[in-house]
Amino acid sequence: MIADQSVPDRQTWISWNGNLQHQYSNLYFPSSEEEIINILKKNDSKIRVFGERKSSADIAAGTETLISLARYGEFLSIDRDQKQITVQSGISLKVFLEKIEELKWAIPCLPDIDEISLGGALSTGTHGTGRDGHLLSEYVVSMRVLNHSGNPVEIDQKNPLMEAYRLSLGLLGIISTVTFQCVSIYNLQIEERPVHDDYWLENYEELVKDHDFTRILWLPHTNHGYLITGDRCNEQTVDNTKKSPWWHKYRRTVSALLYKYTTAYPFLTVPANKIIYRLFFRADVRHRGTLYGATVTKSRGSTLELAEWTVSLEKFKEIFPELKAVLNNRSNRAYAHIPMDIRFIRSDKTWLSYAYDQDTVTVGCVSRHAAGADQYEAFSIIEEIFLKNGGRPHYAKRFKSGREELSSLYPRWGDFLSLRRKEDPSGRFLNDFLKELFL
């Protein structure tokens, strides 16, 4: 096993934005399932697995032994008749999706970035948006998991525990291999345009029904959102492409400059948001491409800190006016950077899913100054509002709530706790953060 030369201090694990750091004693880079099994059988310490270190929640490290699956990302089999593909879980989403497109296939709902590992994305409930969209894990038809003793466990759709394993935060074992169900590739005609808050709030349910893809980038302090919709098209569909203005490529640079001092002086967020809105969110844009090509960001560009909360589709209309009023209220320090990402996912039966038994709206909140995230009061304000309305947090993003708050929000929480204790009785996949939730 080889130590990761890219980590500045071999004894310190550091998240991508530097906000999470943990000491460790052992770091492994297995390239085969046999090597992972050997680690589990020969090392009796607590273990966590990490991918691209993109999580804002403290779930990826914090144990004596760490396993990186960066070298465990091979394609294992392709069933062209069934449109199914089996891969090792350490593969990056980027490599996985590029191969899918090469096969002329697609996954019907994708997250907004591809710089994450597939196993990490599945384990934390990563999702996209759309009329028929689900968590990425809902497209898994089978998986092979290595339990706390290193023994393989085969899980498929016929197994009633599949709905527990789809989103498990790595607490039921290490995901080794995954088989996805794909569909034939298709193109979307994407339209982007600014709309007033009153319009999209009144019509978001109809927009989701009318379009294959719907996403709203909400822009606090401007009374507007940037509406992005996508509809399937074919070669006969008229191509009415309208490119974005040339200066849009500088949005991240300008945002970084304008938000640089907003942690120390939150009131500067208001003029910054208005300037960014006028420069980068006023144009009507139209383009065409696959779901991956047209909607997934290929690079973060800069470090961020993220929180995301979810609530039922019907409840969102009640929550938003309060959310907007609080974030626009200049008497507090809860100034939110733009954009705030609003997406839509369909209900499912996965035990720890945000969308368990409810069509769901997700609301992302970003601090573009990661180092000042602890002073970014929008995170705590948003958490308070969503919690009191039955909202559920994204597991890979920033939140403070513990088991007392969250357990009542998930009907199958108790079932998952019982299963976790059965499958990992010694708690070797728990770090301190996860102990507070799932011990």
# chains A, B, ... in the order shown; residues from 1 in each chain; ligands from 1
$ residues_around --residues "Arg166 (chain A)" --least-positions-apart "2" --cutoff "9 Å" --atoms "only C-alpha atoms" --output "PDB file with N, CA and C atoms, in the first residue's frame"
ATOM      1  N   LEU A 122     -23.065   7.878  -4.115  1.00  0.00           N
ATOM      2  CA  LEU A 122     -24.148   6.973  -3.744  1.00  0.00           C
ATOM      3  C   LEU A 122     -24.369   6.975  -2.237  1.00  0.00           C
ATOM      4  N   SER A 123     -23.291   6.962  -1.485  1.00  0.00           N
ATOM      5  CA  SER A 123     -23.381   6.810  -0.030  1.00  0.00           C
ATOM      6  C   SER A 123     -23.978   8.020   0.665  1.00  0.00           C
ATOM      7  N   GLY A 125     -26.324  10.270  -0.872  1.00  0.00           N
ATOM      8  CA  GLY A 125     -27.593  10.750  -1.408  1.00  0.00           C
ATOM      9  C   GLY A 125     -27.461  11.856  -2.429  1.00  0.00           C
ATOM     10  N   SER A 137     -28.497   7.035  -6.502  1.00  0.00           N
ATOM     11  CA  SER A 137     -28.507   5.651  -6.030  1.00  0.00           C
ATOM     12  C   SER A 137     -29.751   4.876  -6.467  1.00  0.00           C
ATOM     13  N   GLU A 138     -30.806   5.567  -6.872  1.00  0.00           N
ATOM     14  CA  GLU A 138     -32.020   4.883  -7.298  1.00  0.00           C
ATOM     15  C   GLU A 138     -31.841   4.157  -8.634  1.00  0.00           C
ATOM     16  N   VAL A 140     -29.243   2.249  -9.253  1.00  0.00           N
ATOM     17  CA  VAL A 140     -28.422   1.075  -8.973  1.00  0.00           C
ATOM     18  C   VAL A 140     -29.320  -0.156  -8.919  1.00  0.00           C
ATOM     19  N   MET A 143     -25.379  -4.197  -5.939  1.00  0.00           N
ATOM     20  CA  MET A 143     -24.082  -3.762  -5.421  1.00  0.00           C
ATOM     21  C   MET A 143     -23.471  -4.869  -4.573  1.00  0.00           C
ATOM     22  N   LEU A 161     -33.545  -5.290   1.746  1.00  0.00           N
ATOM     23  CA  LEU A 161     -32.596  -4.363   2.369  1.00  0.00           C
ATOM     24  C   LEU A 161     -31.920  -3.441   1.363  1.00  0.00           C
ATOM     25  N   MET A 162     -32.218  -3.606   0.084  1.00  0.00           N
ATOM     26  CA  MET A 162     -31.646  -2.720  -0.926  1.00  0.00           C
ATOM     27  C   MET A 162     -31.946  -1.268  -0.603  1.00  0.00           C
ATOM     28  N   GLU A 163     -33.142  -0.996  -0.086  1.00  0.00           N
ATOM     29  CA  GLU A 163     -33.528   0.389   0.199  1.00  0.00           C
ATOM     30  C   GLU A 163     -32.758   0.957   1.387  1.00  0.00           C
ATOM     31  N   ALA A 164     -32.137   0.106   2.184  1.00  0.00           N
ATOM     32  CA  ALA A 164     -31.250   0.598   3.247  1.00  0.00           C
ATOM     33  C   ALA A 164     -29.846   0.829   2.708  1.00  0.00           C
ATOM     34  N   SER A 168     -26.300   4.737   2.624  1.00  0.00           N
ATOM     35  CA  SER A 168     -25.917   4.185   3.926  1.00  0.00           C
ATOM     36  C   SER A 168     -24.780   4.934   4.599  1.00  0.00           C
ATOM     37  N   THR A 350     -36.106   4.694  -0.238  1.00  0.00           N
ATOM     38  CA  THR A 350     -34.812   4.511   0.409  1.00  0.00           C
ATOM     39  C   THR A 350     -34.877   5.055   1.831  1.00  0.00           C
ATOM     40  N   TRP A 351     -34.455   4.254   2.794  1.00  0.00           N
ATOM     41  CA  TRP A 351     -34.716   4.536   4.204  1.00  0.00           C
ATOM     42  C   TRP A 351     -34.229   5.912   4.651  1.00  0.00           C
ATOM     43  N   LEU A 352     -33.019   6.293   4.275  1.00  0.00           N
ATOM     44  CA  LEU A 352     -32.455   7.565   4.726  1.00  0.00           C
ATOM     45  C   LEU A 352     -32.525   8.651   3.658  1.00  0.00           C
ATOM     46  N   SER A 353     -33.349   8.448   2.660  1.00  0.00           N
ATOM     47  CA  SER A 353     -33.449   9.427   1.574  1.00  0.00           C
ATOM     48  C   SER A 353     -34.194  10.675   2.019  1.00  0.00           C
TER      49      SER A 353
END
$ select_by_dssp --residues "region 179-344 of chain A" --states "strand (DSSP E or B)" --output "ChimeraX atom specification"
/A:179-181,183-184,187-196,213-219,224-233,242,285-290,297,305-312,340-344
$ write_last_selection --atoms "C-alpha atoms" --output "PDB file, in the first residue's frame"
ATOM      1  CA  THR A 179     -24.241  -2.164 -11.331  1.00  0.00           C
ATOM      2  CA  PHE A 180     -26.245   0.672 -12.885  1.00  0.00           C
ATOM      3  CA  GLN A 181     -29.319   0.550 -15.066  1.00  0.00           C
ATOM      4  CA  VAL A 183     -31.246   4.266 -20.679  1.00  0.00           C
ATOM      5  CA  SER A 184     -30.620   5.260 -24.290  1.00  0.00           C
ATOM      6  CA  ASN A 187     -30.514  15.383 -25.948  1.00  0.00           C
ATOM      7  CA  LEU A 188     -32.105  18.294 -24.112  1.00  0.00           C
ATOM      8  CA  GLN A 189     -32.956  21.734 -25.394  1.00  0.00           C
ATOM      9  CA  ILE A 190     -31.952  23.959 -22.463  1.00  0.00           C
ATOM     10  CA  GLU A 191     -33.402  27.416 -21.895  1.00  0.00           C
ATOM     11  CA  GLU A 192     -32.107  29.796 -19.230  1.00  0.00           C
ATOM     12  CA  ARG A 193     -33.696  33.101 -18.300  1.00  0.00           C
ATOM     13  CA  PRO A 194     -34.244  35.456 -15.344  1.00  0.00           C
ATOM     14  CA  VAL A 195     -37.725  35.419 -13.802  1.00  0.00           C
ATOM     15  CA  HIS A 196     -39.269  37.311 -10.900  1.00  0.00           C
ATOM     16  CA  PHE A 213     -35.306  19.251 -16.365  1.00  0.00           C
ATOM     17  CA  THR A 214     -36.034  22.154 -14.027  1.00  0.00           C
ATOM     18  CA  ARG A 215     -33.594  24.080 -11.872  1.00  0.00           C
ATOM     19  CA  ILE A 216     -33.871  27.511 -10.271  1.00  0.00           C
ATOM     20  CA  LEU A 217     -30.879  29.546  -9.173  1.00  0.00           C
ATOM     21  CA  TRP A 218     -32.399  31.868  -6.595  1.00  0.00           C
ATOM     22  CA  LEU A 219     -30.748  35.266  -6.198  1.00  0.00           C
ATOM     23  CA  HIS A 224     -35.311  37.189  -9.033  1.00  0.00           C
ATOM     24  CA  GLY A 225     -34.337  33.652  -9.807  1.00  0.00           C
ATOM     25  CA  TYR A 226     -32.574  32.279 -12.856  1.00  0.00           C
ATOM     26  CA  LEU A 227     -34.815  29.591 -14.333  1.00  0.00           C
ATOM     27  CA  ILE A 228     -33.218  26.696 -16.225  1.00  0.00           C
ATOM     28  CA  THR A 229     -35.490  24.237 -18.036  1.00  0.00           C
ATOM     29  CA  GLY A 230     -34.725  21.387 -20.391  1.00  0.00           C
ATOM     30  CA  ASP A 231     -36.865  19.379 -22.806  1.00  0.00           C
ATOM     31  CA  ARG A 232     -35.983  16.303 -24.802  1.00  0.00           C
ATOM     32  CA  CYS A 233     -35.392  17.007 -28.453  1.00  0.00           C
ATOM     33  CA  LYS A 242     -28.322  31.637 -28.137  1.00  0.00           C
ATOM     34  CA  VAL A 285     -29.530  31.683 -23.070  1.00  0.00           C
ATOM     35  CA  ARG A 286     -30.390  28.608 -25.136  1.00  0.00           C
ATOM     36  CA  HIS A 287     -28.240  25.594 -25.862  1.00  0.00           C
ATOM     37  CA  ARG A 288     -28.507  21.899 -26.593  1.00  0.00           C
ATOM     38  CA  GLY A 289     -26.744  18.765 -25.414  1.00  0.00           C
ATOM     39  CA  THR A 290     -26.969  15.591 -23.406  1.00  0.00           C
ATOM     40  CA  THR A 297     -20.480  21.501 -14.148  1.00  0.00           C
ATOM     41  CA  GLU A 305     -18.611  25.681   1.729  1.00  0.00           C
ATOM     42  CA  LEU A 306     -22.046  24.216   1.125  1.00  0.00           C
ATOM     43  CA  ALA A 307     -25.243  23.428   2.990  1.00  0.00           C
ATOM     44  CA  GLU A 308     -28.395  21.968   1.496  1.00  0.00           C
ATOM     45  CA  TRP A 309     -31.822  21.370   2.988  1.00  0.00           C
ATOM     46  CA  THR A 310     -34.812  19.575   1.562  1.00  0.00           C
ATOM     47  CA  VAL A 311     -38.559  19.732   2.120  1.00  0.00           C
ATOM     48  CA  SER A 312     -41.671  18.317   0.508  1.00  0.00           C
ATOM     49  CA  MET A 340     -28.981  29.454  -4.030  1.00  0.00           C
ATOM     50  CA  ASP A 341     -29.664  26.253  -5.923  1.00  0.00           C
ATOM     51  CA  ILE A 342     -33.253  24.964  -6.005  1.00  0.00           C
ATOM     52  CA  ARG A 343     -33.797  21.492  -7.469  1.00  0.00           C
ATOM     53  CA  PHE A 344     -36.529  18.852  -7.574  1.00  0.00           C
TER      54      PHE A 344
END
$ closest_residue --among "A:Tyr261, A:Glu383, A:Arg80, A:Ile59" --to "Phe438 (chain A)" --atoms "only C-alpha atoms"
A:Ile59
$ closest_atom_pairs --of "region 165-247 of chain A" --to "region 117-120 of chain A" --cutoff "9 Å" --atoms "only C-alpha atoms" --output "CSV"
residue,atom,partner,partner_atom,distance
A:Leu169,CA,A:Gly120,CA,8.1
A:Gly170,CA,A:Gly120,CA,8.5
A:Ile174,CA,A:Gly119,CA,8.8
A:Ile175,CA,A:Gly119,CA,6.6
A:Ser176,CA,A:Gly119,CA,8.3
A:Thr177,CA,A:Gly119,CA,8.7
A:Val178,CA,A:Gly119,CA,8.4
$ write_last_selection --atoms "C-alpha atoms" --output "short mmCIF file (atom, residue, chain, number, x, y, z; two decimals), in the first residue's frame"
data_model
loop_
_atom_site.label_atom_id
_atom_site.label_comp_id
_atom_site.auth_asym_id
_atom_site.auth_seq_id
_atom_site.Cartn_x
_atom_site.Cartn_y
_atom_site.Cartn_z
CA LEU A 169 -23.12 6.74 4.53
CA GLY A 170 -20.72 3.81 4.46
CA ILE A 174 -17.61 -0.58 2.04
CA ILE A 175 -19.27 -0.47 -1.37
CA SER A 176 -17.03 -2.54 -3.64
CA THR A 177 -18.81 -2.81 -7.00
CA VAL A 178 -21.98 -1.29 -8.39
#
$ atom_distance --atom1 "CA of Ile113 (chain A)" --atom2 "CA of Val296 (chain A)"
5.3 Å
$ residues_around --residues "Arg333 (chain A)" --least-positions-apart "6" --cutoff "8 Å" --atoms "only C-alpha atoms" --output "compact mmCIF listing (two decimals) with C-alpha atoms, in the first residue's frame"
# COMPACT_ATOMS: atom_id res chain seq x y z
CA PRO A 266 -21.86 40.85 5.77
CA PHE A 267 -23.74 43.94 4.57
CA GLU A 377 -24.85 32.98 9.61
CA ALA A 378 -27.03 32.08 6.63
$ closest_residue --among "A:Asp112, A:Ala325, A:Asp424, A:Lys209" --to "Gly128 (chain A)" --atoms "only C-alpha atoms"
A:Asp112
$ atom_distance --atom1 "CA of Lys274 (chain A)" --atom2 "CA of Arg300 (chain A)"
22.3 Å
$ closest_residue --among "A:Phe96, A:Leu146, A:Ala106, A:Gly130" --to "Leu207 (chain A)" --atoms "only C-alpha atoms"
A:Gly130
$ select_by_dssp --residues "region 115-218 of chain A" --states "alpha helix (DSSP H)" --output "list in words"
Leu118, Gly119, Gly120, Ala121, Leu122, Ser123, Met162, Glu163, Ala164, Tyr165, Asp197, Asp198, Tyr199, Trp200, Leu201, Glu202, Asn203, Tyr204, Glu205, Glu206, Leu207, Val208, Lys209 and Asp210 of chain A
$ closest_residue --among "A:Pro245, A:Gly73, A:Gly133, A:Pro111" --to "Ala283 (chain A)" --atoms "only C-alpha atoms"
A:Pro245
